[in-house]
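A.B. asks: Structure provided below as structure tokens; questions to follow.
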Amino acid sequence: MADPKSLGNFTAQDAPTYESLLQCMRCGFCLPTCPTFALTGRERSSPRGRVALARAVAEAKLPFTEAIKEEAFFCLDCRACSTACPSGVNPGEVMEICRSQVHQQQSLPKWQESFRNFILQKMLPDPGRLESSMLPARIYQKLGIQWLVRNSRILKLGPRWFEKAEGMLPELHTPLRQRIPELNLAKGEKRGRVGFFLGCVMTLMYAEVSRQTVRVLSHQGFDVITPKLQKCCGAPHLTEGDRETTRQLAAHNLDLFLELDVDAIVTDCAGCSAALKEYEEILHERREIDKLAKFRSLVKDVSEFLVEWGLRTEQLQPVNRSVTYHDPCHLCHAQGISKQPRELLKAIPGVEFREMNESSWCCGSAATFSLKFTAESQNILDRKLNNVQNTGADILITANPGCHLQLAWGLREAGMPQPVMHLMELLGQATPE
Amino acid sequence: MTTKPLIDQLCRQLGKNNVLWLPEDLLVLGYDSTPGLHATPDVVVYPTDSEQVKAVVKIACDHNIPITPRGSGTGLSGGSIPINGGIVICTNKMNKILEIDEENLTATCQAGVVTLDLFNAVAEKGLFYPPDPGSQKISTLAGNVMEDAGGLRGLKYGVTRDYVMALKCVLPDGSLLATGGKSVKDVAGYAFKDLLIGSEGTLGIITEITVKLIPPPQDKRTFLAYFDDIRSAGKAVSQIIAAKIIPSTMEIMDKATINCVEDYVKIGLPRQMAALLLIEVDGHPAVVAEEAEGVERILMQVGAADVLMAKNPEHAAELTAARRTALSALARVSPTTLLEDATVPRSMLADTFALIELLTEKYQLKVGTFGHAGDGNLHPTVLCDERDEDEMQRAHAFYDELYEQVLAWGGTVSGEHGIGIAKKDYLARQIGPAGVAVMKRIKQAFDPAGLLNPGKIFADGQE
């Protein structure tokens, strides 16, 4: 029987609010900004269409059907529509919530359910397990098996997503969490203390990048504290519709970082900072308002943080390269941060900044989208690569590991010469030892 | 004919990829931007050329199935809502710009080309397509033609109608009609082209459009002026025109709208002001300089509280963008946004604002008003909640009383949104029984079976 507290054909737990759906006035301003609508031209794959579907479910005009499930996961959650929407609707968030409805309303085959729960509830929340799981991959690279496999076309036999996943693996180093001291002291005149939030993908796949971030922060005059007990930010769980595990992780991280007494909580992963900034909403029933507000005010993406405090440029060494910049969706659309990374790039001596067309158009990575919808993701990626190519820049800069993986893979597959670098890697190059 | 064989037949003609019939697809193709209106079609098709449109119309004609054309669904009077079900024909896949003719200064496009895409394509060749409806980033040209869309540049440059040179359309019996051409003059027979423009998809389905292009203005100057009371703003508008200056843009926003826009874009609009005017003069640099001086002088004379001139093109664009987001900024305030486009002779502008203020008070509503002051075209927008029946009734009473006076002043019930479903009663009041009867006879001549976009403009059986 329908729960009296539930909204139409949504279950009561983790349903969108009716107000958030009613707010859409169907003006259509979101349509030209939506990568999936550009791909299919199908209204139901547009933000306006998706919100209308959710509203129909809320009004019990439509059951929670397979098609809505498809749309919930086909949405890139790139939030470009939120930027475009004048009436303040967040279709990406509505779809994220619908993903959690999918798991409540439709059961997966047993093995898929167990696999999903294992990854989301056992692996991701446990940094130790996560790190050991990457060990085989590191050995695989070290022994040169990767070279053999990549050159033997053996991967063409497996599913398409597997080949892509393998192809995306960057050169792996020992996870940073194990190596990094809990405290890195400020260099030069000390300006403050920051807590460093180490993203899972950053520490596992881009340990070298985050090492540079910490180095840059300390060179900029900040003590950097990296608590070893921190856990995944919970973004993957939101994306996959497991909001309960997100709440548990969020509560853990919030308590841990609030105890540090720092001027800011900084991260170099756009996906993490976007999720951390949503803790206020995610935990609104579990933590006091002032604690949530305090935490929210402390969380900063590293580029946002550095611009706010002002970059010390006196000692920077020139990097004589032309660069272009890809806006990670979770930075520019989810957090409205697009000026700051450009400001930092332009502040590095020697760097020639070239703006690309559609810099804030998604790269098609979008968490697991690139593996679930390989063809569609490729299509979105090609549009991006074309825009990169037209700049003729030496280096493609971005600021999020998901984009980084996708773009590096795409450039390599397309035979394009540009390396992809995190903004902090470039700043690291300019920062003397 | 039941739906299944109809779908099969359409799939054979158009290919399976161009036909949609799942409930989730149908549900999202039965609305536009008009609040509260929704209907579900039986099937939706995406033809890729005129021949396919013809094929669809033939099938519909053979089986007596209603057809409703649709562009991007940004209409504000319900013109593309399939109230009797049937087939919705989406023009979005007919999105090729076929030709930009630099000798004749024309562009020829398929029906579903997006307005801004055309603007950009001709701008690349140093040409200018002026009509700029608020939804230009996504609205289609055929939709613009069918609703005779206006925009911010109407005062000096006119509206969509003034740029249409030729149309190709499929008539409800499946025959093809081509009307107009690239010739500047054309008086051969009835002006079908002009009849089709603004016909809201009730006479034919447009498949191809040829529009006139003009050279772009070489220079422009943008002003923002603030006023302590709305009457001085109205006076500024009349006096600028009386001084024989025709600005390319003369937009007005009242206090409620100023505050909503400021909440949203945060560009430092003064929240205490009663109104602002956004004025743009453009053309030859010498003329622009002269007109800008005139505008500034008049603004001072009528007692504008503050006058700002855009410092550079970026600044100007920012000021214009604020006006462009007015409707949507208002929409943030409440779940439901009722938007009308009452239009009066320019000289009645200040009186109309006064009346709106009076009625807002009388009916206890939240109303933001903005619009094209130079055209006398206002958008009094009621911010309400469709779940509140009493409030909705008051809102309708508000518009009823407003339109009565607008008509008494010689105005019109729609400046640029069209009649669609939403304003059928108002139209009848404006043009009277004789007017409606003639319109119905015209409709009859084009569409005797009444299959094309039924239930729009005038109610069936309304005399």
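In the structure tokens, chains take the letters A, B, ... in the order shown, each chain's residues start at 1, and ligands count up from 1 in the order shown.
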Could you pull out the strand (DSSP E or B) residues of segment 170-268 of chain B from DSSP and send them as a ChimeraX atom specification?
C.D. replies: /B:170,176-180,205-212,214,219-227,249-254
A.B. asks: Can those selected residues be exported to a file as a compact mmCIF listing (two decimals), in the first residue's frame so that it contains N, CA and C atoms?
C.D. replies:
# COMPACT_ATOMS: atom_id res chain seq x y z
N VAL B 170 3.03 23.06 -45.76
CA VAL B 170 2.16 21.97 -46.16
C VAL B 170 0.76 22.30 -45.65
N LEU B 176 1.37 21.32 -51.14
CA LEU B 176 2.46 22.21 -50.75
C LEU B 176 2.16 23.62 -51.24
N LEU B 177 2.31 24.61 -50.38
CA LEU B 177 2.08 26.00 -50.78
C LEU B 177 3.38 26.77 -50.61
N ALA B 178 3.80 27.45 -51.69
CA ALA B 178 4.96 28.33 -51.57
C ALA B 178 4.46 29.75 -51.80
N THR B 179 4.81 30.63 -50.90
CA THR B 179 4.31 31.99 -51.02
C THR B 179 5.41 32.99 -50.73
N GLY B 180 5.45 34.08 -51.51
CA GLY B 180 6.51 35.07 -51.37
C GLY B 180 7.76 34.62 -52.09
N ILE B 205 1.51 23.90 -42.12
CA ILE B 205 2.72 23.59 -41.36
C ILE B 205 3.92 24.07 -42.14
N ILE B 206 4.62 25.03 -41.56
CA ILE B 206 5.76 25.64 -42.26
C ILE B 206 6.91 24.65 -42.34
N THR B 207 7.51 24.56 -43.53
CA THR B 207 8.67 23.68 -43.66
C THR B 207 9.93 24.46 -44.03
N GLU B 208 9.75 25.62 -44.66
CA GLU B 208 10.92 26.40 -45.07
C GLU B 208 10.60 27.88 -44.99
N ILE B 209 11.61 28.65 -44.59
CA ILE B 209 11.40 30.08 -44.38
C ILE B 209 12.55 30.85 -45.03
N THR B 210 12.20 31.90 -45.77
CA THR B 210 13.25 32.80 -46.25
C THR B 210 13.07 34.13 -45.54
N VAL B 211 14.13 34.59 -44.89
CA VAL B 211 14.04 35.85 -44.15
C VAL B 211 14.96 36.90 -44.75
N LYS B 212 14.58 38.13 -44.51
CA LYS B 212 15.36 39.27 -44.94
C LYS B 212 16.47 39.52 -43.94
N ILE B 214 19.68 42.35 -42.83
CA ILE B 214 20.10 43.75 -43.03
C ILE B 214 21.54 43.91 -42.55
N ASP B 219 27.44 50.90 -34.65
CA ASP B 219 27.77 51.38 -33.31
C ASP B 219 26.51 51.36 -32.46
N LYS B 220 26.68 51.30 -31.15
CA LYS B 220 25.51 51.42 -30.29
C LYS B 220 25.91 51.99 -28.93
N ARG B 221 24.94 52.51 -28.25
CA ARG B 221 25.16 53.08 -26.93
C ARG B 221 24.04 52.57 -26.03
N THR B 222 24.40 52.09 -24.85
CA THR B 222 23.40 51.52 -23.94
C THR B 222 23.28 52.35 -22.66
N PHE B 223 22.06 52.63 -22.29
CA PHE B 223 21.80 53.40 -21.06
C PHE B 223 20.92 52.62 -20.10
N LEU B 224 21.16 52.84 -18.83
CA LEU B 224 20.22 52.40 -17.80
C LEU B 224 19.80 53.64 -17.03
N ALA B 225 18.50 53.86 -16.95
CA ALA B 225 18.04 55.01 -16.18
C ALA B 225 17.09 54.54 -15.09
N TYR B 226 17.24 55.12 -13.90
CA TYR B 226 16.38 54.75 -12.77
C TYR B 226 15.42 55.88 -12.46
N PHE B 227 14.24 55.50 -12.01
CA PHE B 227 13.22 56.50 -11.71
C PHE B 227 12.60 56.25 -10.34
N THR B 249 16.21 49.69 -28.59
CA THR B 249 15.64 49.01 -27.43
C THR B 249 15.18 50.05 -26.43
N MET B 250 14.00 49.86 -25.88
CA MET B 250 13.56 50.74 -24.79
C MET B 250 12.72 49.88 -23.86
N GLU B 251 13.39 49.31 -22.86
CA GLU B 251 12.77 48.31 -22.00
C GLU B 251 12.52 48.86 -20.62
N ILE B 252 11.43 48.41 -20.05
CA ILE B 252 11.09 48.91 -18.71
C ILE B 252 10.95 47.75 -17.72
N MET B 253 11.34 48.00 -16.48
CA MET B 253 11.16 47.01 -15.41
C MET B 253 10.67 47.76 -14.17
N ASP B 254 9.68 47.21 -13.48
CA ASP B 254 9.21 47.88 -12.26
C ASP B 254 10.01 47.39 -11.05
A.B. asks: Mind checking which residues fall within 8 Å of Pro69 of chain B, counting only C-alpha atoms, ignoring those fewer than 5 positions away in the same chain, and posting them as a ChimeraX atom specification?
C.D. replies: /B:80,88-91,201,205,453
A.B. asks: Which residue gives the smallest distance to Leu311 of chain A among A:Arg243, A:Lys231, A:Arg191, A:Arg412, with only C-alpha atoms counted?
C.D. replies: A:Arg191
A.B. asks: Would you please give, as a PyMOL selection string, all residues of segment 243-426 of chain B that DSSP assigns to alpha helix (DSSP H) based on the backbone?
C.D. replies: chain B and resi 255-265+285-301+313-324+326-331+349-362+389-408+424-426
A.B. asks: Please check the contacts: residues of chain A at most 12 Å away from chain B, using only C-alpha atoms, listed as a ChimeraX atom specification.
C.D. replies: /A:18-34,37-38,40-57,61-71,83-89
A.B. asks: Please, what distance in Å, to one decimal, runs between atom CA of Leu345 of chain A and atom CA of Thr431 of chain A?
C.D. replies: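 Taking atom CA of Leu345 of chain A as the start and atom CA of Thr431 of chain A as the end point, the length is 12.9 Å.
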A.B. asks: With only C-alpha atoms as the basis for distance, which of A:Arg79, A:Lys190, A:Lys291, A:His252 is at the shortest distance from Gln335 of chain A?
C.D. replies: A:Arg79
A.B. asks: Give me the residues within 6 Å of Pro175 of chain A as a PyMOL selection string, counting only C-alpha atoms and dropping any in the same chain fewer than 3 places off.
C.D. replies: chain A and resi 178+203-204+207
A.B. asks: Suppose we keep C-alpha atoms; can you now write the selection as a short mmCIF file (atom, residue, chain, number, x, y, z; two decimals), in the first residue's frame?
C.D. replies:
data_model
loop_
_atom_site.label_atom_id
_atom_site.label_comp_id
_atom_site.auth_asym_id
_atom_site.auth_seq_id
_atom_site.Cartn_x
_atom_site.Cartn_y
_atom_site.Cartn_z
CA GLN A 178 49.92 6.25 3.18
CA THR A 203 45.05 9.58 -3.70
CA LEU A 204 44.77 6.33 -5.65
CA ALA A 207 48.82 10.76 -5.90
#
